[in-house]
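Reading through the structure tokens given below for one structure.
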Protein chains: 2
Amino acid sequence: MDAKTHAKLETRARIMRALAHPSRLFMIEQLAGGERCVCELTEMVGSDISTVSKHLSILKSEGIVRDEKRGAQVFYSITDFRVLRFVRQIELLLAHMLENQMKAADVPQSRVGFAQFLRRTP
Amino acid sequence: MDAKTHAKLETRARIMRALAHPSRLFMIEQLAGGERCVCELTEMVGSDISTVSKHLSILKSEGIVRDEKRGAQVFYSITDFRVLRFVRQIELLLAHMLENQMKAADVPQSRVGFAQFLRRTP
DNA sequence: TGGCCTCTTGGCCAATCGACCAAGAACTGG
DNA sequence: CCAGTTCTTGGTCGATTGGCCAAGAGGCCA
């Protein structure tokens, strides 16, 4: 693995890591509906405000969100809504992977459809 | 944040976390070219074989790769190639976010194009 | 069988993460 | 100016991560 390749993968990994936390994903979903100040997000997430602030700074450091100070409040918003499409794709990915697992399981007579499987595992 | 929402986000986050490591992303890229046994991947990554094995088990536990034992070797392969498209999308995302940052920077006379910017920061 | 190869697992350790609290910076309104 | 609100930052602490080594399971072949 040469240095250039490693640098590129390191960058990819940093983005992934920034998105790899439920609270951060939650805030991104909330910001999909428009900008929010830190105290609003704190209320929604339910953690300490300092925790939320740090989560936001992680997202900001990766360029995923942008902040704008207005008075005493700081409003955060999504810089590129494509990131939203990106994180939501995981749902599709999961569905496909589940489907593959079903196939691999080699269910006799294929009596268990994917839809039924999904229904049974909420 | 209700329990159902949290569970869904937790799942998304787990996938992200599994992908949030340079070596794991590297192995996924390598597996794009077809199945590989652990020792081949170890050779490519350059870490200890036990480290590589653990990385693979993380990817496997999230259903991203599949393993098949043949003799003394264990061959890993990608379960759904959509995951490849997914991780590669980060490049596009990054490009768009950089572009946004350029706009936000409010460069006078817009003399610095995005392409030039990219060239200057390898 | 015995030695070799391949891989996984457990143990250990340093580094990082994520939570909260406390302190303080910055703005607002009385 | 002072009190109150909003937010960030530093500190601390337990949990998790990621690396290597050592041990052992399991397959292959002389």
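Following the order of the structure tokens, chains are lettered A, B, ..., residues in each are numbered from 1, and ligands are numbered from 1.
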Closest atom pairs, residues of region 51-104 of chain B within 8 Å of region 11-27 of chain D, only C-alpha atoms (C1' of nucleotides), as a tab-separated table:
residue	atom	partner	partner_atom	distance
B:Thr51	CA	D:DG19	C1'	7.1
B:Gly71	CA	D:DG27	C1'	5.7
B:Ala72	CA	D:DG27	C1'	4.8
- Message: Quick check for you: according to DSSP on this backbone, which residues of region 1-118 of chain B are classed as strand (DSSP E or B)? Reply as a list in words.
- Response: Arg36, Cys37, Val65, Arg66, Asp67, Glu68, Lys69, Arg70, Gln73, Val74, Phe75, Tyr76, Ser77 and Ile78 of chain B
- Message: If you run DSSP on the backbone here, which positions in region 30-59 of chain B get helix (DSSP H, G or I)? Please write them as a list of chain:residue names.
- Response: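 Going through region 30-59 of chain B, the helix (DSSP H, G or I) residues come out as B:Gln30, B:Leu31, B:Val38, B:Cys39, B:Glu40, B:Leu41, B:Thr42, B:Glu43, B:Met44, B:Val45, B:Ile49, B:Ser50, B:Thr51, B:Val52, B:Ser53, B:Lys54, B:His55, B:Leu56, B:Ser57, B:Ile58, B:Leu59.
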Dump as a Markdown table the rows for residues of chain C within 10 Å of chain B: closest atom pair and distance in Å with one decimal, only C-alpha atoms (C1' of nucleotides) counted, ordered by chain and rising residue number.
| residue | atom | partner | partner_atom | distance |
| --- | --- | --- | --- | --- |
| C:DC5 | C1' | B:Ala72 | CA | 7.6 |
| C:DT6 | C1' | B:Ala72 | CA | 5.3 |
| C:DC7 | C1' | B:Gln73 | CA | 7.3 |
| C:DT8 | C1' | B:Ser53 | CA | 7.3 |
| C:DT9 | C1' | B:Ser50 | CA | 9.0 |
- Message: Would you compute the distance between CA of Arg12 (chain B) and CA of Ile58 (chain B)? Give it in Å to one decimal.
- Response: 14.7 Å
- Surrounding residues of His6 (chain A) excluding itself and chain neighbours under 5 positions, 10 Å, only C-alpha atoms (C1' of nucleotides), as a list of chain:residue names: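 Contacts, with the query itself left out: A:Met1, A:Thr11, A:Arg12, B:Pro22, B:Ser23, B:Leu25, B:Phe26.
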- d(CA of His55 (chain B), C1' of DG10 (chain C)) in Å: 15.8 Å
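Near region 91-94 of chain B, within a cut-off of 8 Å and counting only C-alpha atoms (C1' of nucleotides), sit the residues Arg12, Arg82 and Val83 of chain A; Arg88, Met97 and Leu98 of chain B, with same-chain residues fewer than 3 positions away left out.
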- Query: Taking into account only C-alpha atoms (C1' of nucleotides), which residue in the set C:DA26, C:DC12, C:DA19, C:DC4 is nearest to DT8 (chain D)?
  - Reply: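 For DT8 (chain D), the nearest of the given residues is C:DA26.
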- Message: Which residues are close to region 1-3 of chain C, i.e. within 12 Å by only C-alpha atoms (C1' of nucleotides), leaving aside same-chain residues fewer than 6 positions away? Reply as a list in words.
- Response: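 Listed by chain and then number, they are DC28, DC29 and DA30 of chain D.
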May I have the residues from that selection written out with all heavy atoms, as a short mmCIF file (atom, residue, chain, number, x, y, z; two decimals), in the first residue's frame?
data_model
loop_
_atom_site.label_atom_id
_atom_site.label_comp_id
_atom_site.auth_asym_id
_atom_site.auth_seq_id
_atom_site.Cartn_x
_atom_site.Cartn_y
_atom_site.Cartn_z
P DC D 28 -6.85 -30.29 3.41
OP1 DC D 28 -7.42 -29.76 2.15
OP2 DC D 28 -7.30 -31.58 3.97
"O5'" DC D 28 -5.27 -30.34 3.25
"C5'" DC D 28 -4.55 -29.12 3.11
"C4'" DC D 28 -3.08 -29.42 2.87
"O4'" DC D 28 -2.42 -29.59 4.14
"C3'" DC D 28 -2.84 -30.70 2.06
"O3'" DC D 28 -1.86 -30.44 1.07
"C2'" DC D 28 -2.36 -31.71 3.12
"C1'" DC D 28 -1.69 -30.80 4.16
N1 DC D 28 -1.77 -31.29 5.55
C2 DC D 28 -0.65 -31.21 6.37
O2 DC D 28 0.40 -30.74 5.92
N3 DC D 28 -0.72 -31.65 7.66
C4 DC D 28 -1.86 -32.16 8.13
N4 DC D 28 -1.89 -32.57 9.40
C5 DC D 28 -3.03 -32.26 7.31
C6 DC D 28 -2.94 -31.81 6.04
P DC D 29 -1.67 -31.57 -0.11
OP1 DC D 29 -1.61 -30.84 -1.40
OP2 DC D 29 -2.63 -32.69 0.06
"O5'" DC D 29 -0.22 -32.12 0.21
"C5'" DC D 29 0.79 -31.21 0.65
"C4'" DC D 29 1.99 -31.95 1.21
"O4'" DC D 29 1.77 -32.22 2.62
"C3'" DC D 29 2.23 -33.33 0.55
"O3'" DC D 29 3.64 -33.50 0.40
"C2'" DC D 29 1.65 -34.30 1.56
"C1'" DC D 29 2.02 -33.59 2.86
N1 DC D 29 1.19 -34.01 4.02
C2 DC D 29 1.78 -34.05 5.29
O2 DC D 29 2.96 -33.73 5.42
N3 DC D 29 1.02 -34.42 6.36
C4 DC D 29 -0.26 -34.74 6.17
N4 DC D 29 -0.98 -35.10 7.25
C5 DC D 29 -0.88 -34.71 4.89
C6 DC D 29 -0.12 -34.34 3.86
P DA D 30 4.18 -34.63 -0.62
OP1 DA D 30 4.43 -33.98 -1.92
OP2 DA D 30 3.31 -35.81 -0.54
"O5'" DA D 30 5.57 -34.99 0.06
"C5'" DA D 30 6.37 -33.94 0.63
"C4'" DA D 30 7.17 -34.49 1.80
"O4'" DA D 30 6.26 -34.73 2.92
"C3'" DA D 30 7.87 -35.80 1.54
"O3'" DA D 30 9.16 -35.80 2.15
"C2'" DA D 30 6.98 -36.85 2.18
"C1'" DA D 30 6.37 -36.08 3.35
N9 DA D 30 5.01 -36.52 3.68
C8 DA D 30 3.96 -36.66 2.82
N7 DA D 30 2.85 -37.05 3.41
C5 DA D 30 3.20 -37.17 4.73
C6 DA D 30 2.47 -37.54 5.88
N6 DA D 30 1.18 -37.88 5.84
N1 DA D 30 3.12 -37.57 7.06
C2 DA D 30 4.40 -37.23 7.09
N3 DA D 30 5.19 -36.85 6.09
C4 DA D 30 4.52 -36.85 4.93
#
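Residues from chain D that have an atom within 8 Å of chain A, counting only C-alpha atoms (C1' of nucleotides), are DT5, DT6, DC7 and DT8 of chain D.
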Tell me as a tab-separated table (two decimals) with N, CA and C atoms, in the first residue's frame which residues belonging to chain B come within 6 Å of chain A, counting only C-alpha atoms.
chain	number	residue	atom	x	y	z
B	9	LEU	N	-30.40	4.22	13.77
B	9	LEU	CA	-29.17	5.00	13.66
B	9	LEU	C	-27.97	4.21	14.17
B	10	GLU	N	-28.22	3.42	15.20
B	10	GLU	CA	-27.15	2.57	15.72
B	10	GLU	C	-26.67	1.60	14.65
B	13	ALA	N	-24.69	3.44	12.12
B	13	ALA	CA	-23.39	3.81	12.68
B	13	ALA	C	-22.45	2.61	12.70
B	16	MET	N	-20.99	2.18	9.30
B	16	MET	CA	-19.99	3.24	9.10
B	16	MET	C	-18.71	2.93	9.85
B	17	ARG	N	-18.86	2.49	11.10
B	17	ARG	CA	-17.68	2.23	11.91
B	17	ARG	C	-16.85	1.10	11.30
B	20	ALA	N	-14.78	2.48	8.68
B	20	ALA	CA	-14.00	3.67	9.06
B	20	ALA	C	-12.57	3.33	9.44
B	21	HIS	N	-11.91	2.59	8.58
B	21	HIS	CA	-10.49	2.29	8.82
B	21	HIS	C	-9.78	2.07	7.49
B	22	PRO	N	-8.64	2.74	7.31
B	22	PRO	CA	-7.91	2.65	6.05
B	22	PRO	C	-7.64	1.22	5.61
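Between CA of Arg36 (chain B) and CA of Ser77 (chain B) the separation is 6.7 Å.
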